[in-house]
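This is work_27.txt. It holds compact mmCIF, C-alpha atoms.
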# COMPACT_ATOMS: atom_id res chain seq x y z
CA MET Y 2 0.00 0.00 0.00
CA THR Y 3 2.75 2.37 0.99
CA THR Y 4 4.72 1.35 -2.09
CA THR Y 5 1.80 2.14 -4.36
CA SER Y 6 1.28 5.49 -2.69
CA GLY Y 7 5.01 6.24 -2.94
CA ALA Y 8 5.03 5.29 -6.61
CA THR Y 9 2.01 7.51 -7.24
CA ASP Y 10 3.66 10.44 -5.51
CA ALA Y 11 6.81 9.91 -7.54
CA ALA Y 12 4.76 9.80 -10.74
CA ARG Y 13 2.97 13.02 -9.83
CA ARG Y 14 6.25 14.73 -9.08
CA ALA Y 15 7.72 13.54 -12.36
CA GLU Y 16 4.62 14.70 -14.23
CA PHE Y 17 4.80 18.13 -12.61
CA ASP Y 18 8.53 18.45 -13.24
CA ALA Y 19 8.06 17.63 -16.92
CA PHE Y 20 5.21 20.12 -17.18
CA TYR Y 21 7.28 22.81 -15.49
CA LEU Y 22 10.40 22.20 -17.55
CA ALA Y 23 8.42 22.14 -20.79
CA GLY Y 24 6.50 25.35 -20.27
CA SER Y 25 8.09 27.64 -17.70
CA GLN Y 26 10.62 29.33 -20.02
CA ARG Y 27 7.95 30.17 -22.56
CA MET Y 28 5.59 31.33 -19.85
CA THR Y 29 8.30 33.65 -18.54
CA GLY Y 30 8.65 35.23 -21.98
CA VAL Y 31 4.91 35.82 -22.12
CA ILE Y 32 4.72 37.30 -18.63
CA TYR Y 33 7.79 39.40 -19.34
CA ALA Y 34 5.91 40.97 -22.25
CA LEU Y 35 3.20 41.89 -19.75
CA THR Y 36 5.42 43.31 -17.03
CA GLY Y 37 8.55 44.49 -18.81
CA ASN Y 38 10.58 43.24 -15.87
CA LEU Y 39 12.30 39.89 -16.13
CA ALA Y 40 12.74 39.36 -12.40
CA ASP Y 41 9.05 40.02 -11.77
CA ALA Y 42 8.12 37.69 -14.60
CA GLU Y 43 10.32 34.92 -13.23
CA ASP Y 44 8.85 35.36 -9.79
CA ALA Y 45 5.26 35.41 -11.01
CA VAL Y 46 5.81 32.30 -13.10
CA GLN Y 47 7.50 30.45 -10.28
CA GLU Y 48 4.75 31.41 -7.87
CA ALA Y 49 2.06 30.30 -10.32
CA TYR Y 50 3.71 26.92 -10.82
CA SER Y 51 4.17 26.48 -7.09
CA ARG Y 52 0.46 27.14 -6.60
CA ALA Y 53 -0.29 24.66 -9.34
CA TRP Y 54 1.67 22.01 -7.45
CA GLY Y 55 -0.54 22.66 -4.41
CA ARG Y 56 -3.57 21.49 -6.40
CA TRP Y 57 -1.89 19.35 -8.99
CA ALA Y 58 -4.28 16.42 -8.78
CA ALA Y 59 -7.34 18.59 -9.35
CA LEU Y 60 -5.71 20.55 -12.16
CA THR Y 61 -4.57 17.53 -14.10
CA ALA Y 62 -7.92 15.85 -13.59
CA ALA Y 63 -9.52 18.85 -15.31
CA GLY Y 64 -7.20 18.67 -18.33
CA ASP Y 65 -4.15 20.71 -19.36
CA PRO Y 66 -3.12 23.02 -16.48
CA THR Y 67 -1.30 25.46 -18.80
CA GLY Y 68 -4.22 27.87 -19.02
CA TRP Y 69 -4.67 27.87 -15.26
CA VAL Y 70 -0.98 28.58 -14.66
CA ARG Y 71 -1.00 31.34 -17.26
CA VAL Y 72 -4.04 33.03 -15.70
CA VAL Y 73 -2.52 32.84 -12.22
CA ALA Y 74 0.89 34.08 -13.40
CA ARG Y 75 -0.78 36.90 -15.29
CA ARG Y 76 -2.80 37.96 -12.25
CA ILE Y 77 0.22 37.82 -9.98
CA ALA Y 78 2.28 39.79 -12.48
CA VAL Y 79 -0.34 42.44 -13.08
CA GLY Y 80 -1.06 42.71 -9.35
CA ASN Y 81 2.62 43.04 -8.57
CA TRP Y 82 3.01 45.55 -11.34
CA ARG Y 83 0.23 47.72 -9.96
CA ARG Y 84 1.61 47.49 -6.43
CA ALA Y 85 5.09 48.25 -7.66
CA ARG Y 86 4.13 51.34 -9.66
CA ASN Y 87 4.62 53.81 -6.83
CA ARG Y 88 7.79 52.10 -5.76
CA MET Y 89 9.03 52.20 -9.33
CA ARG Y 90 8.34 55.90 -9.57
CA ALA Y 91 10.66 56.42 -6.64
CA HIS Y 92 13.29 54.27 -8.33
CA PHE Y 93 12.91 56.21 -11.55
CA ARG Y 94 14.12 59.31 -9.76
CA HIS Y 95 17.52 57.61 -9.82
CA GLY Y 96 17.14 56.47 -13.41
CA GLU Y 97 15.00 53.67 -14.73
CA PRO Y 98 16.69 50.28 -14.39
CA ALA Y 99 17.43 48.41 -17.57
CA PRO Y 100 14.56 45.97 -18.16
CA THR Y 101 16.87 43.06 -18.72
CA PRO Y 102 20.48 42.64 -19.73
CA ALA Y 103 21.52 41.94 -23.31
CA ILE Y 104 18.54 43.66 -24.86
CA SER Y 105 19.02 46.09 -27.69
CA PRO Y 106 17.74 49.68 -27.72
CA ASP Y 107 14.94 48.50 -30.03
CA HIS Y 108 13.76 46.11 -27.40
CA VAL Y 109 14.00 48.71 -24.68
CA ALA Y 110 11.78 50.91 -26.83
CA LEU Y 111 9.33 48.05 -27.32
CA VAL Y 112 9.19 47.36 -23.58
CA ALA Y 113 8.65 51.06 -22.94
CA ALA Y 114 5.87 51.07 -25.53
CA LEU Y 115 4.25 48.00 -23.97
CA ARG Y 116 4.35 49.65 -20.57
CA LYS Y 117 2.39 52.56 -21.96
CA LEU Y 118 -0.48 50.28 -23.00
CA SER Y 119 -3.34 49.79 -20.60
CA ALA Y 120 -3.26 46.43 -18.78
CA GLY Y 121 -6.27 45.18 -20.76
CA ARG Y 122 -4.75 45.96 -24.15
CA ARG Y 123 -1.40 44.54 -23.15
CA GLU Y 124 -3.01 41.32 -21.97
CA ALA Y 125 -4.99 41.04 -25.19
CA ILE Y 126 -1.99 41.45 -27.46
CA VAL Y 127 0.16 39.09 -25.41
CA LEU Y 128 -2.44 36.34 -25.20
CA PHE Y 129 -3.40 36.53 -28.85
CA HIS Y 130 -0.01 37.04 -30.46
CA LEU Y 131 2.41 35.40 -28.03
CA CYS Y 132 0.38 32.58 -26.56
CA ASP Y 133 -1.14 31.75 -29.94
CA LEU Y 134 -4.60 31.46 -28.45
CA THR Y 135 -7.54 31.74 -30.80
CA GLY Y 136 -9.72 34.82 -30.51
CA ALA Y 137 -12.35 32.80 -28.68
CA GLU Y 138 -9.81 31.36 -26.24
CA ALA Y 139 -8.17 34.71 -25.52
CA ALA Y 140 -11.56 36.38 -25.08
CA ALA Y 141 -12.67 33.63 -22.70
CA GLU Y 142 -9.49 33.93 -20.66
CA LEU Y 143 -9.99 37.69 -20.36
CA GLY Y 144 -13.70 37.34 -19.68
CA ILE Y 145 -14.71 39.55 -22.60
CA SER Y 146 -16.50 39.02 -25.90
CA GLU Y 147 -14.64 38.31 -29.12
CA GLY Y 148 -15.76 41.67 -30.46
CA ALA Y 149 -14.29 43.43 -27.44
CA LEU Y 150 -11.08 41.45 -27.89
CA ARG Y 151 -10.83 42.53 -31.52
CA THR Y 152 -11.28 46.15 -30.47
CA ARG Y 153 -8.60 45.81 -27.81
CA LEU Y 154 -6.20 44.18 -30.25
CA THR Y 155 -6.69 46.87 -32.87
CA ARG Y 156 -6.19 49.64 -30.34
CA ALA Y 157 -3.25 47.90 -28.75
CA ARG Y 158 -1.49 47.60 -32.11
CA GLU Y 159 -2.29 51.23 -32.92
CA ASP Y 160 -0.97 52.33 -29.56
CA LEU Y 161 2.17 50.25 -29.93
CA GLN Y 162 2.90 51.67 -33.36
CA HIS Y 163 2.22 55.15 -32.09
CA HIS Y 164 4.51 54.78 -29.08
CA LEU Y 165 7.21 53.09 -31.12
CA GLY Y 166 6.97 55.84 -33.71
CA GLU Y 167 7.25 58.39 -30.95
CA SER Y 168 10.28 56.62 -29.60
CA ALA Y 169 11.86 56.41 -33.08
CA ARG Y 170 11.21 60.10 -33.62
CA VAL Y 171 12.85 60.98 -30.30
CA ASP Y 172 15.75 58.67 -31.12
CA SER Y 173 16.28 60.14 -34.56
CA THR Y 174 16.09 63.69 -33.15
CA ARG Y 175 18.75 62.75 -30.62
CA LYS Y 176 20.97 61.31 -33.33
CA GLU Y 177 20.47 64.37 -35.50
CA THR Y 178 21.28 66.64 -32.56
CA ALA Y 179 24.39 64.62 -31.81
CA ARG Y 180 25.55 64.86 -35.42
CA THR Y 181 25.02 68.62 -35.68
CA MET X 19 -5.72 53.34 -40.04
CA ASN X 20 -2.80 51.00 -39.36
CA ASP X 21 -0.70 49.53 -42.06
CA PRO X 22 -0.97 45.72 -41.63
CA ARG X 23 2.68 45.38 -42.66
CA HIS X 24 3.62 47.57 -39.71
CA ASP X 25 1.44 45.39 -37.48
CA ASP X 26 3.38 42.34 -38.58
CA VAL X 27 6.66 44.08 -37.86
CA VAL X 28 5.51 45.03 -34.38
CA ILE X 29 4.23 41.53 -33.64
CA ASP X 30 7.48 40.00 -34.88
CA ARG X 31 9.40 42.33 -32.58
CA LEU X 32 7.12 41.34 -29.73
CA ARG X 33 7.77 37.66 -30.34
CA GLU X 34 11.49 38.30 -30.52
CA LEU X 35 11.33 40.22 -27.25
CA ALA X 36 9.54 37.36 -25.52
CA GLY X 37 11.97 34.87 -27.03
CA ARG X 38 14.95 36.77 -25.68
CA ALA X 39 13.37 36.93 -22.24
CA GLU X 40 12.80 33.16 -22.40
CA SER X 41 16.48 32.63 -23.12
CA ALA X 42 17.58 35.05 -20.42
CA ALA X 43 15.22 33.67 -17.77
CA THR X 44 16.81 31.83 -14.89
CA LEU X 45 14.17 29.60 -13.41
CA ALA X 46 14.35 27.56 -10.28
CA ALA X 47 14.65 23.80 -10.39
CA PRO X 48 11.28 22.02 -10.35
CA GLU X 49 11.89 20.51 -6.92
CA ARG X 50 12.36 24.01 -5.50
CA VAL X 51 9.07 25.08 -7.05
CA ARG X 52 7.35 22.06 -5.53
CA THR X 53 8.87 22.83 -2.14
CA ARG X 54 7.67 26.42 -2.40
CA GLY X 55 4.18 25.19 -3.27
CA ALA X 56 4.11 22.77 -0.37
CA ARG X 57 5.36 25.45 2.02
CA ARG X 58 2.75 27.90 0.79
CA ARG X 59 0.02 25.36 1.39
CA THR X 60 1.27 24.75 4.90
CA ARG X 61 1.38 28.47 5.53
CA LEU X 62 -2.21 28.88 4.40
CA ARG X 63 -3.29 26.13 6.75
CA VAL X 64 -1.34 27.75 9.55
CA ALA X 65 -2.86 31.13 8.81
CA GLY X 66 -6.29 29.53 8.87
CA ALA X 67 -5.53 27.91 12.19
CA GLY X 68 -4.16 31.24 13.43
CA ALA X 69 -7.39 32.96 12.48
CA LEU X 70 -9.34 30.31 14.33
CA THR X 71 -7.02 30.69 17.29
CA ALA X 72 -7.52 34.43 17.29
CA CYS X 73 -11.30 34.06 17.15
CA VAL X 74 -11.37 31.67 20.05
CA VAL X 75 -8.98 33.79 22.07
CA ALA X 76 -11.10 36.86 21.46
CA GLY X 77 -14.24 34.94 22.38
CA ALA X 78 -12.67 33.58 25.51
CA LEU X 79 -11.63 37.02 26.58
CA TRP X 80 -15.17 38.25 26.32
CA ALA X 81 -15.97 35.73 28.99
CA THR X 82 -13.22 37.03 31.24
CA ARG X 83 -13.80 40.67 30.46
CA PRO X 84 -13.96 42.85 33.54
CA ASP X 85 -17.40 44.30 34.19
CA ASP X 86 -16.23 47.83 33.54
CA GLY X 87 -15.11 46.73 30.07
CA ALA X 88 -12.11 49.03 30.23
CA ALA X 89 -9.42 46.49 29.63
CA VAL X 90 -10.81 44.32 26.90
CA ARG X 91 -12.71 45.09 23.76
CA GLY X 92 -16.18 43.58 23.61
CA GLY X 93 -19.11 43.55 21.25
CA PRO X 94 -22.66 44.72 21.78
CA ALA X 95 -23.98 41.22 21.16
CA ALA X 96 -22.05 40.01 24.18
CA SER X 97 -23.05 42.76 26.52
CA SER X 98 -24.84 40.67 29.13
CA PRO X 99 -23.23 37.86 31.14
CA GLY X 100 -25.78 35.43 29.71
CA ASP X 101 -24.98 36.43 26.16
CA ARG X 102 -21.27 36.20 26.83
CA ALA X 103 -21.63 32.74 28.30
CA ALA X 104 -23.55 31.61 25.23
CA LEU X 105 -20.93 32.99 22.86
CA THR X 106 -17.74 31.88 24.52
CA PRO X 107 -15.88 28.75 25.50
CA PRO X 108 -16.15 27.56 29.11
CA PRO X 109 -14.32 29.68 31.66
CA ALA X 110 -11.87 26.86 32.28
CA ASP X 111 -10.58 27.34 28.73
CA ALA X 112 -10.60 31.07 29.10
CA GLU X 113 -8.34 30.74 32.13
CA ARG X 114 -5.55 29.25 30.11
CA ILE X 115 -5.56 31.26 26.91
CA GLY X 116 -4.91 34.83 25.99
CA LEU X 117 -2.69 37.61 27.20
CA GLY X 118 -5.27 39.49 29.27
CA ASP X 119 -2.82 40.83 31.82
CA PRO X 120 0.82 41.56 31.06
CA THR X 121 2.30 39.62 33.98
CA TYR X 122 5.07 38.39 31.70
CA LEU X 123 6.42 41.94 31.53
CA PRO X 124 9.01 43.04 34.09
CA THR X 125 7.95 45.57 36.69
CA VAL X 126 10.12 48.66 36.71
CA ARG X 127 9.51 51.63 38.94
CA GLY X 128 8.40 54.61 36.89
CA VAL X 129 7.12 52.58 33.91
CA GLU X 130 3.34 52.33 33.90
CA TRP X 131 1.85 50.52 30.94
CA THR X 132 -1.67 51.23 29.77
CA VAL X 133 -3.49 49.60 26.87
CA GLU X 134 -2.91 51.33 23.55
CA GLY X 135 -6.39 51.97 22.15
CA ASP X 136 -8.18 48.64 21.87
CA MET X 137 -4.99 46.74 21.18
CA VAL X 138 -5.26 44.18 23.93
CA ASN X 139 -5.63 40.57 22.92
CA ARG X 140 -6.25 41.86 19.47
CA PRO X 141 -6.87 38.97 17.09
CA ASP X 142 -5.50 39.91 13.70
CA THR X 143 -5.26 37.86 10.60
CA ALA X 144 -4.03 40.60 8.31
CA PHE X 145 -0.46 40.70 9.45
CA PRO X 146 2.43 41.59 9.56
CA VAL X 147 2.81 42.84 13.09
CA ARG X 148 6.01 44.79 12.95
CA LEU X 149 8.78 45.23 15.46
CA PHE X 150 10.00 48.67 16.47
CA GLY X 151 12.90 50.90 15.59
CA PRO X 152 15.23 49.88 12.78
CA CYS X 153 13.35 46.58 12.47
CA ALA X 154 10.01 48.20 11.72
CA ALA X 155 10.73 48.17 8.01
CA THR X 156 10.88 44.39 7.80
CA PRO X 157 7.81 42.45 8.86
CA PRO X 158 8.82 39.37 10.84
CA GLU X 159 6.45 37.01 9.07
CA ALA X 160 3.73 38.00 6.70
CA ALA X 161 0.22 36.55 6.64
CA LEU X 162 0.51 34.90 10.00
CA GLY X 163 -2.51 34.89 12.26
CA GLY X 164 -2.25 35.29 16.00
CA VAL X 165 -2.91 37.62 18.88
CA GLN X 166 -1.24 40.88 19.70
CA ASP X 167 -1.20 43.18 22.68
CA ARG X 168 0.07 46.75 22.70
CA ARG X 169 0.65 49.08 25.61
CA VAL X 170 2.06 52.56 26.04
CA THR X 171 3.36 54.83 28.78
CA ALA X 172 2.44 58.46 29.29
CA ALA X 173 5.88 59.41 27.97
CA GLY X 174 5.27 57.57 24.69
CA SER X 175 7.20 54.33 25.26
CA ARG X 176 5.57 51.27 23.76
CA VAL X 177 5.52 47.53 24.25
CA LYS X 178 4.08 45.11 21.77
CA THR X 179 3.51 41.39 22.19
CA PHE X 180 2.64 38.91 19.49
CA VAL X 181 1.81 35.25 19.97
CA THR X 182 0.89 32.66 17.42
CA SER X 183 0.69 28.92 17.01
CA THR X 184 1.46 26.60 14.14
CA TRP X 185 -1.05 24.09 15.34
CA ALA X 186 -3.33 23.24 12.45
CA THR X 187 -5.76 20.48 11.75
CA GLY X 188 -4.42 18.07 9.21
CA LEU X 189 -0.76 18.78 9.82
CA THR X 190 1.42 16.12 11.33
CA PRO X 191 3.19 16.88 14.62
CA GLN X 192 6.46 16.93 12.68
CA ALA X 193 5.08 19.48 10.22
CA ILE X 194 3.72 21.62 13.05
CA ASP X 195 7.09 21.61 14.77
CA ALA X 196 8.98 22.23 11.54
CA GLU X 197 6.78 25.20 10.71
CA ALA X 198 7.27 26.65 14.21
CA ARG X 199 11.03 26.28 13.85
CA ARG X 200 10.95 27.85 10.42
CA ILE X 201 9.02 30.87 11.65
CA TYR X 202 11.24 31.24 14.70
CA THR X 203 14.30 31.14 12.44
CA SER X 204 12.78 33.78 10.17
CA TRP X 205 12.22 36.01 13.20
CA GLN X 206 15.84 35.49 14.24
CA ALA X 207 16.94 36.55 10.76
CA VAL X 208 14.89 39.75 10.97
CA ALA X 209 16.32 40.58 14.39
CA ALA X 210 19.86 39.77 13.32
CA ALA X 211 19.55 42.20 10.42
CA CYS X 212 18.75 45.21 12.54
CA MET X 213 19.60 44.56 16.22
CA SER X 214 22.37 43.36 18.47
CA ARG X 215 22.07 40.03 20.26
CA VAL X 216 22.12 40.23 24.04
CA PRO X 217 23.99 37.32 25.64
CA GLY X 218 21.86 34.77 27.43
CA GLY X 219 18.70 32.94 26.62
CA GLY X 220 18.75 29.50 25.08
CA PRO X 221 17.89 27.62 21.93
CA ASP X 222 14.29 28.78 22.00
CA THR X 223 14.58 32.20 23.63
CA GLU X 224 16.73 35.07 22.49
CA VAL X 225 17.04 38.71 23.50
CA TRP X 226 18.00 41.44 21.06
CA SER X 227 18.42 45.18 21.59
CA TRP X 228 18.55 48.31 19.49
CA SER X 229 18.86 52.08 19.85
CA GLY X 230 18.48 55.06 17.56
CA ASP X 231 16.69 58.37 17.10
CA GLY X 232 16.76 58.96 20.84
CA ARG X 233 14.98 55.69 21.56
CA ARG X 234 16.06 52.24 22.55
CA GLY X 235 14.39 48.93 22.86
CA SER X 236 14.61 45.18 23.29
CA VAL X 237 13.01 42.21 21.68
CA VAL X 238 12.55 38.76 23.17
CA LEU X 239 11.89 35.96 20.71
CA THR X 240 10.58 32.77 22.20
CA ARG X 241 9.09 29.44 21.28
CA ARG X 242 7.64 26.47 23.08
CA GLY X 243 6.58 23.70 20.74
CA HIS X 244 3.99 25.01 18.34
CA VAL X 245 3.42 28.24 20.30
CA LEU X 246 5.76 31.08 19.58
CA GLY X 247 5.82 34.77 20.28
CA TRP X 248 7.80 37.89 20.82
CA VAL X 249 7.78 40.94 23.06
CA ALA X 250 9.24 44.19 21.73
CA THR X 251 9.79 47.55 23.40
CA GLU X 252 10.46 51.05 22.18
CA MET X 253 11.42 53.29 25.09
CA THR X 254 11.66 57.06 24.98
CA ALA X 255 14.35 58.96 26.86
CA ALA X 256 11.71 60.23 29.30
CA ASP X 257 11.09 56.73 30.68
CA PRO X 258 13.50 54.75 32.84
CA ALA X 259 15.53 51.94 31.29
CA TYR X 260 13.36 48.91 30.65
CA PRO X 261 15.56 46.08 29.39
CA LEU X 262 13.83 42.82 28.61
CA THR X 263 15.55 39.68 29.80
CA ALA X 264 15.41 36.06 28.69
CA GLU X 265 13.05 35.29 31.59
CA VAL X 266 10.31 37.10 29.70
CA GLY X 267 10.25 34.25 27.17
CA PRO X 268 9.12 31.39 29.42
CA ALA X 269 6.83 33.77 31.31
CA LEU X 270 5.13 34.71 28.06
CA MET X 271 4.81 31.08 27.01
CA ASP X 272 3.31 30.17 30.38
CA LYS X 273 0.79 32.91 29.90
CA ALA X 274 0.08 32.46 26.26
CA ILE X 275 -1.13 28.94 25.91
CA LEU X 276 -3.43 29.38 22.99
CA THR X 277 -6.44 27.40 22.03
CA ALA X 278 -5.96 23.84 20.82
CA PRO X 279 -2.82 23.41 22.88
CA THR X 280 -2.59 19.72 22.10
CA PRO X 281 -1.27 19.01 18.63
CA PRO X 282 -2.91 16.15 16.70
CA ARG X 283 -1.41 12.75 17.33

Would you put the structure from the file into structure tokens?
Amino acid sequence: MTTTSGATDAARRAEFDAFYLAGSQRMTGVIYALTGNLADAEDAVQEAYSRAWGRWAALTAAGDPTGWVRVVARRIAVGNWRRARNRMRAHFRHGEPAPTPAISPDHVALVAALRKLSAGRREAIVLFHLCDLTGAEAAAELGISEGALRTRLTRAREDLQHHLGESARVDSTRKETART
Amino acid sequence: MNDPRHDDVVIDRLRELAGRAESAATLAAPERVRTRGARRRTRLRVAGAGALTACVVAGALWATRPDDGAAVRGGPAASSPGDRAALTPPPADAERIGLGDPTYLPTVRGVEWTVEGDMVNRPDTAFPVRLFGPCAATPPEAALGGVQDRRVTAAGSRVKTFVTSTWATGLTPQAIDAEARRIYTSWQAVAAACMSRVPGGGPDTEVWSWSGDGRRGSVVLTRRGHVLGWVATEMTAADPAYPLTAEVGPALMDKAILTAPTPPR
């Protein structure tokens, strides 16, 4: 009896480990696109997976736990982001920290542009374009209609292009000023 | 109107950004994630048990509340002795739980403690209860239920006591003890980061002291099985010296036997 139970526990652990190793890197990339801070993304992802382990049997019985982990990680990340805003403002007085090492100026601009999006638009664009969810799946995960999702996506892309254009204009002005 | 080609460029950049973050991410090993999950679950159970503890302690104290009601907070529903009896555990239980009188505190001439607001035997589940002075910035243990007691002097000195228990239904005695040790160790780490250790005490009782901004204080950390607590002071220059000693620890534990004092077998 004990042997069976031990074997079951070992199987559950192995199943969880495989699930974690297969998906956690990708999940971190997705959450990073939401938060713009790699450390926060790593922490949110790790916390979401650790919560998943706490209810692993129920989650696997209900099917693929990926969606559940993504929703939890997203909520943790967005919650942390909101809580951190004031703290971040204080940090910004001393200069904004680099979002993550080894990222080009283009990527810094993209992160800055993402940060300017509202949380709803950012979530929509990340779920639809990075998680490769269908419109129906992304809308369901956000608790909105497909029409509302389409609107959010359109506005998010417009906003991104606008902010990136702004950033490019500022950048080119700086370069021009430096050259003259 | 957006140019769809620009949309594609932006989305490609977004994917590249996420891909780079994936590569740069340093994630914990799966066993560490599982351990964190298991610990979190234990903590939730403990917090739940702490909340229950706090409720029962508060209820018990209604039963022992002095008639003038000055020392202990009570509710209108428990205003008559009959109502209180109906709402609370038997007096025998009330005798052995709670921190109703601060007999664990040393008596020093010139230091008269009075209850700070309604902060006597205050059951709180939304912690942290913070220490004083340089340690106030770091909560000793977040989301831990228990009971606290706060008192002040006329000159503005303060003493704060916090007691909790890791007893929880469904946890094994080993898990209960391990959780108590873990919390005690986390308290030691907080104290070590901002105070100086005072010699004395033992494995389950330690005294720490601090001073700054014209104030000074002590902290006694203590544990007995699944019950653990601390007493912290912040003394102003207008009050006499009031050093806490290691004897406060056992005295507090004698006093603060919380509800469900017998762990599950």

Exercise for the section: Enter the distance from atom CA of Tyr33 of chain Y to atom CA of Ala39 of chain X, in Å, rounded to one decimal. Expected result: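 These atoms are spaced 6.8 Å apart.
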
Handout entry: Which of Y:Ala140, Y:Leu39, Y:Leu154, Y:Ala23 sits closest to chain X [using all atoms listed in the file]
Key =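 Of Y:Ala140, Y:Leu39, Y:Leu154, Y:Ala23, the one nearest chain X, counting all atoms listed in the file, is Y:Leu39.
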
Exercise for the section: Can you work out the spacing between atom CA of Arg234 of chain X and atom CA of Leu262 of chain X in Å, to one decimal? Expected result: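 The value is 11.4 Å.
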
Once you count all atoms listed in the file, what closest atom pair and distance in Å to one decimal does each residue of chain Y within 8 Å of chain X have, with rows by chain and rising residue number, as a tab-separated table?
residue	atom	partner	partner_atom	distance
Y:Phe17	CA	X:Pro48	CA	7.9
Y:Asp18	CA	X:Pro48	CA	5.4
Y:Tyr21	CA	X:Pro48	CA	6.6
Y:Leu22	CA	X:Pro48	CA	7.3
Y:Ser25	CA	X:Leu45	CA	7.7
Y:Gln26	CA	X:Glu40	CA	5.0
Y:Arg27	CA	X:Glu40	CA	5.7
Y:Met28	CA	X:Glu40	CA	7.9
Y:Thr29	CA	X:Glu40	CA	5.9
Y:Gly30	CA	X:Ala36	CA	4.2
Y:Val31	CA	X:Ala36	CA	5.9
Y:Tyr33	CA	X:Ala36	CA	6.7
Y:Ala34	CA	X:Ala36	CA	6.1
Y:Leu39	CA	X:Ala39	CA	6.9
Y:Glu43	CA	X:Leu45	CA	6.6
Y:Gln47	CA	X:Val51	CA	6.5
Y:Glu48	CA	X:Val51	CA	7.7
Y:Tyr50	CA	X:Val51	CA	6.8
Y:Ser51	CA	X:Gly55	CA	4.0
Y:Arg52	CA	X:Gly55	CA	5.4
Y:Ala53	CA	X:Gly55	CA	7.6
Y:Trp54	CA	X:Gly55	CA	5.8
Y:Gly55	CA	X:Gly55	CA	5.5
Y:Thr101	CA	X:Ala39	CA	7.9
Y:Ile104	CA	X:Arg38	CA	7.8
Y:His108	CA	X:Leu35	CA	6.4
Y:Leu111	CA	X:Leu32	CA	7.5
Y:His130	CA	X:Ile29	CA	6.9
Y:Leu131	CA	X:Arg33	CA	6.3
Y:Arg158	CA	X:Asp25	CA	6.5
Y:Glu159	CA	X:Asn20	CA	6.5
Y:Leu161	CA	X:Val28	CA	7.6
Y:Gln162	CA	X:Val28	CA	7.2

Problem - Nearest residue to Arg75 of chain Y from the set Y:Val46, Y:Ala125, Y:Leu165, Y:Ala141 (distances using all atoms listed in the file) - result: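 Counting all atoms listed in the file, the residue closest to Arg75 of chain Y is Y:Val46.
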
Problem - Atomic distance atom CA of His164 of chain Y - atom CA of Arg123 of chain Y, expressed in Å with one decimal - result: 13.2 Å

Problem - Within 9 Å of Ala210 of chain X using only C-alpha atoms, minus same-chain residues under 5 positions, as a list in words - result: Trp205, Arg215 and Trp226 of chain X

Can you spit out the residues from that selection as a CSV table (one decimal), in the frame of the given file, using C-alpha atoms?
chain,number,residue,atom,x,y,z
X,205,TRP,CA,12.2,36.0,13.2
X,215,ARG,CA,22.1,40.0,20.3
X,226,TRP,CA,18.0,41.4,21.1

Exercise for the section: Go through Y:Ala63, Y:Gly166, Y:Ala58, Y:Phe20 one by one, measure the shortest atom-to-atom distance of each to Ala114 of chain Y using all atoms listed in the file, and give the residue with the smallest value. Expected result: Y:Gly166
